[in-house]
>>> print(open('start.cif').read())   # mmCIF, C-alpha atoms
data_my_file
loop_
_atom_site.label_atom_id
_atom_site.label_comp_id
_atom_site.auth_asym_id
_atom_site.auth_seq_id
_atom_site.Cartn_x
_atom_site.Cartn_y
_atom_site.Cartn_z
CA MET S 1 69.28 77.49 193.57
CA ARG S 2 67.30 78.81 190.66
CA HIS S 3 69.97 78.08 188.10
CA ARG S 4 68.54 77.24 184.67
CA LYS S 5 64.98 77.35 185.94
CA ALA S 6 63.16 79.76 183.68
CA GLY S 7 59.71 81.13 184.29
CA VAL S 8 57.76 82.24 187.32
CA LYS S 9 55.56 80.25 189.66
CA LEU S 10 53.20 83.00 190.73
CA GLY S 11 52.17 81.02 193.80
CA ARG S 12 50.35 78.44 191.73
CA ASN S 13 50.96 74.83 190.91
CA SER S 14 51.75 74.00 187.34
CA SER S 15 48.24 73.02 186.27
CA HIS S 16 46.78 76.14 187.82
CA ARG S 17 49.42 78.27 186.14
CA LYS S 18 48.90 76.64 182.77
CA ALA S 19 45.14 77.04 182.99
CA MET S 20 45.51 80.70 183.92
CA PHE S 21 47.89 81.53 181.08
CA ARG S 22 45.69 79.71 178.59
CA ASN S 23 42.83 81.92 179.73
CA MET S 24 44.99 85.01 179.54
CA VAL S 25 46.47 84.35 176.12
CA THR S 26 42.97 83.68 174.81
CA SER S 27 41.81 86.99 176.20
CA LEU S 28 44.82 88.79 174.80
CA PHE S 29 44.14 87.65 171.25
CA LYS S 30 40.43 88.21 171.67
CA TYR S 31 40.60 91.77 172.97
CA ASN S 32 44.09 92.87 171.75
CA ARG S 33 44.91 94.49 175.07
CA ILE S 34 44.38 93.32 178.60
CA ARG S 35 45.19 94.66 182.01
CA THR S 36 46.99 92.44 184.49
CA THR S 37 49.84 92.41 186.98
CA ASP S 38 53.41 93.11 185.88
CA ALA S 39 54.60 89.58 186.59
CA LYS S 40 51.78 87.91 184.70
CA ALA S 41 52.15 90.30 181.78
CA LYS S 42 55.84 89.54 181.48
CA GLU S 43 55.25 85.82 181.52
CA LEU S 44 52.36 86.15 179.08
CA ARG S 45 54.68 87.62 176.43
CA GLY S 46 56.24 84.23 175.83
CA TRP S 47 52.87 82.57 175.44
CA ALA S 48 51.69 85.21 173.00
CA ASP S 49 54.87 85.06 170.92
CA ARG S 50 54.58 81.30 170.68
CA ILE S 51 51.00 81.53 169.41
CA VAL S 52 51.88 84.21 166.84
CA THR S 53 54.76 82.09 165.57
CA LEU S 54 52.36 79.20 165.11
CA ALA S 55 49.91 81.49 163.35
CA LYS S 56 52.57 82.73 160.97
CA ARG S 57 53.52 79.16 160.14
CA GLY S 58 49.86 78.66 159.41
CA ASP S 59 49.76 74.97 158.50
CA LEU S 60 47.25 72.50 159.85
CA HIS S 61 49.54 71.14 162.54
CA ALA S 62 50.30 74.66 163.76
CA ARG S 63 46.60 75.42 163.85
CA ARG S 64 45.93 72.35 165.94
CA GLN S 65 48.76 73.23 168.29
CA ALA S 66 47.31 76.70 168.75
CA LEU S 67 43.84 75.26 169.30
CA SER S 68 45.26 73.10 172.07
CA ILE S 69 46.29 76.26 173.94
CA ILE S 70 43.75 78.91 173.04
CA ARG S 71 40.33 78.12 174.42
CA GLU S 72 38.18 79.73 171.74
CA GLN S 73 38.24 78.37 168.23
CA ALA S 74 37.06 81.61 166.66
CA VAL S 75 40.02 83.46 168.15
CA VAL S 76 42.47 81.00 166.64
CA HIS S 77 40.91 81.08 163.20
CA ARG S 78 40.74 84.87 163.13
CA LEU S 79 44.37 85.09 164.24
CA PHE S 80 45.54 82.59 161.63
CA ASP S 81 43.68 84.51 158.93
CA GLU S 82 45.26 87.82 159.89
CA ALA S 83 48.67 86.66 161.08
CA THR S 84 50.68 87.43 157.94
CA ASP S 85 49.07 90.85 157.54
CA ARG S 86 49.47 91.84 161.15
CA PHE S 87 52.72 90.20 162.14
CA GLY S 88 54.42 89.42 158.85
CA GLY S 89 56.76 92.39 159.11
CA ILE S 90 57.67 91.76 162.72
CA GLU S 91 60.05 89.12 163.95
CA GLY S 92 59.31 88.32 167.55
CA GLY S 93 58.28 90.69 170.30
CA TYR S 94 54.66 90.83 169.28
CA THR S 95 53.48 92.41 172.51
CA ARG S 96 53.96 95.70 174.30
CA ILE S 97 53.73 96.17 178.05
CA VAL S 98 53.03 99.54 179.64
CA LYS S 99 53.13 99.90 183.41
CA LEU S 100 50.06 101.45 184.96
CA GLY S 101 50.96 101.81 188.63
CA ARG S 102 49.69 99.95 191.62
CA ARG S 103 46.30 98.37 192.12
CA PRO S 104 44.22 99.64 195.01
CA GLY S 105 43.54 96.85 197.47
CA ASP S 106 46.75 94.90 197.37
CA ALA S 107 49.12 97.42 195.77
CA ALA S 108 50.07 94.94 193.07
CA PRO S 109 51.95 96.61 190.21
CA MET S 110 49.63 96.57 187.21
CA SER S 111 50.41 96.59 183.51
CA MET S 112 48.62 96.81 180.24
CA ILE S 113 49.79 94.26 177.68
CA GLU S 114 48.74 94.60 174.09
CA LEU S 115 49.57 93.18 170.71
CA VAL S 116 51.96 95.42 168.83
CA ALA S 117 49.90 95.10 165.67
CA GLY S 118 46.75 96.21 167.41
CA ASP S 119 43.91 95.57 165.02
CA LYS S 120 43.22 94.48 161.48
CA THR S 121 41.77 97.91 160.73
CA ARG S 122 45.19 99.39 161.30
CA THR S 123 47.40 99.21 158.27
CA PRO S 124 50.23 96.76 158.82
CA LYS S 125 53.52 98.56 158.71
CA PRO S 126 56.96 97.91 160.12
CA SER S 127 57.31 98.92 163.73
CA LYS S 128 59.81 101.64 162.86
CA ALA S 129 57.36 103.55 160.68
CA LYS S 130 54.67 103.19 163.31
CA THR S 131 56.76 104.55 166.14
CA ALA S 132 57.87 107.41 163.96
CA GLU S 133 54.33 108.44 163.17
CA ALA S 134 52.42 107.50 166.29
CA PRO S 135 54.13 109.81 168.80
CA LYS S 136 53.18 112.86 166.78
CA ALA S 137 49.59 111.90 166.14
CA PRO S 138 48.13 112.13 169.69
CA ALA S 139 49.87 115.44 170.19
CA VAL S 140 47.64 116.95 167.52
CA THR S 141 44.30 115.59 168.68
CA PRO S 142 44.21 117.35 172.11
CA ALA S 143 42.42 120.67 171.86
CA ALA S 144 45.66 122.47 172.55
CA PRO S 145 46.37 124.85 169.66
CA GLU S 146 49.97 125.35 170.77
CA ALA S 147 50.53 121.64 170.39
CA ALA S 148 49.18 121.75 166.87
CA ASP S 149 51.43 124.67 166.04
CA ALA S 150 54.41 123.01 167.66
CA ALA S 151 53.90 119.92 165.53
CA PRO S 152 53.10 121.17 162.03
CA GLU S 153 54.93 118.25 160.50
CA ALA S 154 52.17 115.92 161.71
CA SER S 155 50.18 115.44 158.56
CA ASP S 156 46.42 115.05 158.27
CA ASP S 157 46.54 111.32 157.64
CA SER S 158 48.47 110.85 160.87
CA VAL S 159 45.54 112.45 162.68
CA ASP S 160 43.24 110.06 160.90
CA ALA S 161 45.43 107.18 161.92
CA ALA S 162 45.23 108.31 165.51
CA ALA S 163 41.45 108.58 165.31
CA ALA S 164 41.19 105.13 163.81
CA GLU S 165 43.45 103.84 166.49
CA THR S 166 41.40 105.19 169.36
CA THR S 167 38.14 103.90 167.94
CA ALA S 168 39.47 100.52 166.94
CA VAL S 169 41.05 99.44 170.18
CA PRO S 170 38.59 98.27 172.85
CA GLY S 171 38.17 100.56 175.80
CA PRO S 172 39.17 99.97 179.39
CA GLU S 173 35.87 98.18 180.00
CA ALA S 174 36.89 95.56 177.48
CA ALA S 175 40.22 95.18 179.19
CA ASP S 176 38.33 94.80 182.42
CA ASP S 177 36.26 92.01 180.94
CA THR S 178 39.38 90.20 179.91
CA THR S 179 40.73 90.14 183.41
CA LYS S 180 37.42 88.66 184.44
CA SER S 181 37.49 86.01 181.79
CA ALA S 182 41.09 85.30 182.61
CA ALA S 183 39.86 84.06 185.96
CA PRO S 184 36.85 81.78 185.56
CA GLU S 185 37.83 80.02 188.74
CA ALA S 186 37.29 83.21 190.66
CA SER S 187 36.10 81.23 193.65
CA ALA S 188 39.59 79.85 194.12
CA ALA S 189 41.37 82.06 196.59
CA PRO S 190 44.51 83.00 194.62
CA GLU S 191 42.46 83.70 191.53
CA ALA S 192 40.31 86.19 193.40
CA GLU S 193 43.04 88.75 192.97
CA GLU S 194 42.31 88.60 189.26
CA ALA S 195 38.89 90.12 189.90
CA PRO S 196 38.84 93.62 188.42
CA ALA S 197 40.10 96.18 190.82
CA PRO S 198 38.11 99.43 191.22
CA GLU S 199 38.48 101.11 187.87
CA PRO S 200 40.80 104.09 188.23
CA THR S 201 39.48 105.65 185.04
CA GLY S 202 35.98 106.03 186.49
CA GLU S 203 37.22 107.73 189.59
CA GLU S 204 39.40 110.17 187.76
CA ALA S 205 36.90 111.20 185.15
CA PRO S 206 35.27 113.98 187.22
CA GLU S 207 38.65 115.06 188.48
CA THR S 208 39.99 115.69 184.99
CA GLU S 209 36.85 117.60 184.12
CA THR S 210 37.31 120.04 186.96
CA LYS S 211 40.93 120.50 185.99
CA THR S 212 40.09 121.47 182.47
CA GLU S 213 37.60 123.99 183.81
CA GLU S 214 40.28 125.54 185.91
CA LYS S 215 42.52 125.86 182.94
CA MET U 1 74.55 89.06 230.77
CA ALA U 2 75.44 92.47 229.39
CA VAL U 3 72.80 94.98 230.25
CA PRO U 4 72.36 98.70 229.48
CA LYS U 5 73.55 100.89 232.28
CA ARG U 6 71.17 103.75 231.45
CA LYS U 7 67.82 104.13 229.87
CA THR U 8 68.25 105.61 226.38
CA SER U 9 67.33 109.26 226.59
CA LYS U 10 64.68 110.72 224.30
CA SER U 11 67.38 112.74 222.62
CA LYS U 12 69.58 109.74 221.94
CA ARG U 13 66.62 107.67 220.73
CA ASP U 14 65.37 110.40 218.43
CA LYS U 15 68.82 111.03 217.03
CA ARG U 16 69.14 107.37 216.23
CA ARG U 17 65.87 107.59 214.32
CA THR U 18 66.84 110.54 212.12
CA HIS U 19 67.81 108.10 209.38
CA ASP U 20 64.48 106.22 209.55
CA LYS U 21 62.90 108.70 207.19
CA ILE U 22 60.32 107.72 204.63
CA SER U 23 60.39 109.39 201.27
CA GLY U 24 57.59 109.96 198.84
CA PRO U 25 57.43 108.34 195.42
CA GLU U 26 59.73 109.61 192.72
CA LEU U 27 57.61 111.55 190.25
CA VAL U 28 58.16 113.06 186.85
CA GLU U 29 56.10 115.48 184.83
CA CYS U 30 53.97 114.00 182.08
CA PRO U 31 55.22 115.42 178.79
CA GLU U 32 51.67 115.47 177.41
CA CYS U 33 49.53 117.00 180.16
CA GLY U 34 52.09 118.17 182.71
CA GLU U 35 50.59 116.16 185.56
CA ALA U 36 52.88 114.31 187.95
CA LYS U 37 53.27 110.67 187.03
CA LEU U 38 55.42 107.71 187.94
CA PRO U 39 58.48 107.35 185.72
CA HIS U 40 58.27 104.52 183.17
CA HIS U 41 54.51 104.36 183.72
CA ALA U 42 51.56 105.50 181.68
CA CYS U 43 50.15 108.84 182.81
CA LEU U 44 46.93 108.08 184.65
CA GLU U 45 45.58 111.55 183.92
CA CYS U 46 45.79 111.56 180.14
CA GLY U 47 46.63 107.91 179.46
CA ASP U 48 49.73 108.84 177.53
CA TYR U 49 52.94 106.87 177.43
CA LYS U 50 55.70 107.75 174.98
CA GLY U 51 53.28 109.62 172.76
CA GLN U 52 50.72 106.84 172.54
CA ASN U 53 47.38 106.93 174.25
CA VAL U 54 47.52 103.61 176.02
CA LEU U 55 44.45 103.87 178.23
CA ASP U 56 41.85 105.07 175.72
CA LYS U 57 41.30 108.18 177.78
CA GLU U 58 39.24 111.02 176.44
CA GLU U 59 41.46 113.74 175.05
CA ASP U 60 41.01 116.97 176.96
#
>>> encode(input="start.cif", output="structure tokens")
Amino acid sequence: MRHRKAGVKLGRNSSHRKAMFRNMVTSLFKYNRIRTTDAKAKELRGWADRIVTLAKRGDLHARRQALSIIREQAVVHRLFDEATDRFGGIEGGYTRIVKLGRRPGDAAPMSMIELVAGDKTRTPKPSKAKTAEAPKAPAVTPAAPEAADAAPEASDDSVDAAAAETTAVPGPEAADDTTKSAAPEASAAPEAEEAPAPEPTGEEAPETETKTEEK
Amino acid sequence: MAVPKRKTSKSKRDKRRTHDKISGPELVECPECGEAKLPHHACLECGDYKGQNVLDKEED
């Protein structure tokens, strides 16, 4: 029975699992968003929340505890410097997971996991204000005039916020790199599935172009 | 041992299999670009999910 046994095994022994999640949580705080499987993303939330809690505590012991998990010192120090600004207004749930569909090759369900407070360039605001503003902003930026007319309440600064957002967050290539760095033991057979799958964005780029021409 | 008296006819076999249908994936229309997408997933065409561009796609 699984009673009172939290967590997932992911087909790994405990040392392998711990090593993998240390890699992944390092990548997450380094790149702000990473692409991985659904199961790993869900388990990674707990690791990320734990690190952010340590960072918000911010004392020397907390810093050393974080350093014992995160593999890159610079990542820890940057996070501890920014923690109150980025996560001060949020209590738990510091990550967001968006499902992306299935990976070609093994049909594993993939997700994108990102920190809710994406980058230091973004102004820290409570999540409510962000969700209220953010949905409107991308609707304006597409070159669809109807959309702009339909959403006149979206102010100019919301457009700016959207622009800043798109430039600030690393692109899919960066997310790709993180999946690579999340698996330094790529030679090990189970880790090989961490190797970046064929990038769907690259394949679809010409397709979307033709579609816009048709329109 | 109990044994079938008759070979199952093609008709009987095929009728049995009428419930072995396979259905395509459930799809919804992306509210941003109108393409078909999986529900509760980011749209792979425009990268949009709940009004946020989650894939850093080019806006078109």
>>> resolve_selection(input="start.cif", expression="the PyMOL selection byres ((chain U) within 12 of (chain S))", output="PyMOL selection string")
chain U and resi 25+27+31-35+37-60
>>> write_last_selection(input="start.cif", atoms="C-alpha atoms", output="short mmCIF file (atom, residue, chain, number, x, y, z; two decimals), in the frame of the given file")
data_model
loop_
_atom_site.label_atom_id
_atom_site.label_comp_id
_atom_site.auth_asym_id
_atom_site.auth_seq_id
_atom_site.Cartn_x
_atom_site.Cartn_y
_atom_site.Cartn_z
CA PRO U 25 57.43 108.34 195.42
CA LEU U 27 57.61 111.55 190.25
CA PRO U 31 55.22 115.42 178.79
CA GLU U 32 51.67 115.47 177.41
CA CYS U 33 49.53 117.00 180.16
CA GLY U 34 52.09 118.17 182.71
CA GLU U 35 50.59 116.16 185.56
CA LYS U 37 53.27 110.67 187.03
CA LEU U 38 55.42 107.71 187.94
CA PRO U 39 58.48 107.35 185.72
CA HIS U 40 58.27 104.52 183.17
CA HIS U 41 54.51 104.36 183.72
CA ALA U 42 51.56 105.50 181.68
CA CYS U 43 50.15 108.84 182.81
CA LEU U 44 46.93 108.08 184.65
CA GLU U 45 45.58 111.55 183.92
CA CYS U 46 45.79 111.56 180.14
CA GLY U 47 46.63 107.91 179.46
CA ASP U 48 49.73 108.84 177.53
CA TYR U 49 52.94 106.87 177.43
CA LYS U 50 55.70 107.75 174.98
CA GLY U 51 53.28 109.62 172.76
CA GLN U 52 50.72 106.84 172.54
CA ASN U 53 47.38 106.93 174.25
CA VAL U 54 47.52 103.61 176.02
CA LEU U 55 44.45 103.87 178.23
CA ASP U 56 41.85 105.07 175.72
CA LYS U 57 41.30 108.18 177.78
CA GLU U 58 39.24 111.02 176.44
CA GLU U 59 41.46 113.74 175.05
CA ASP U 60 41.01 116.97 176.96
#
>>> atom_distance(input="start.cif", atom1="CA of Thr37 (chain S)", atom2="CA of Lys21 (chain U)")
29.1 Å
>>> atom_distance(input="start.cif", atom1="CA of His77 (chain S)", atom2="CA of Asp38 (chain S)")
28.6 Å
>>> closest_residue(input="start.cif", among="S:Ala83, S:Met24, S:Ala74, S:Val8", to="Val52 (chain S)", atoms="all atoms listed in the file")
S:Ala83
>>> residues_around(input="start.cif", residues="Gln65 (chain S)", least_positions_apart="4", cutoff="9 Å", atoms="only C-alpha atoms", output="list in words")
Ile51, Leu54, Leu60, His61, Ile69 and Ile70 of chain S
>>> closest_residue(input="start.cif", among="S:Ala41, S:Arg22, S:Asn32, S:Gly7", to="Ala117 (chain S)", atoms="all atoms listed in the file")
S:Asn32
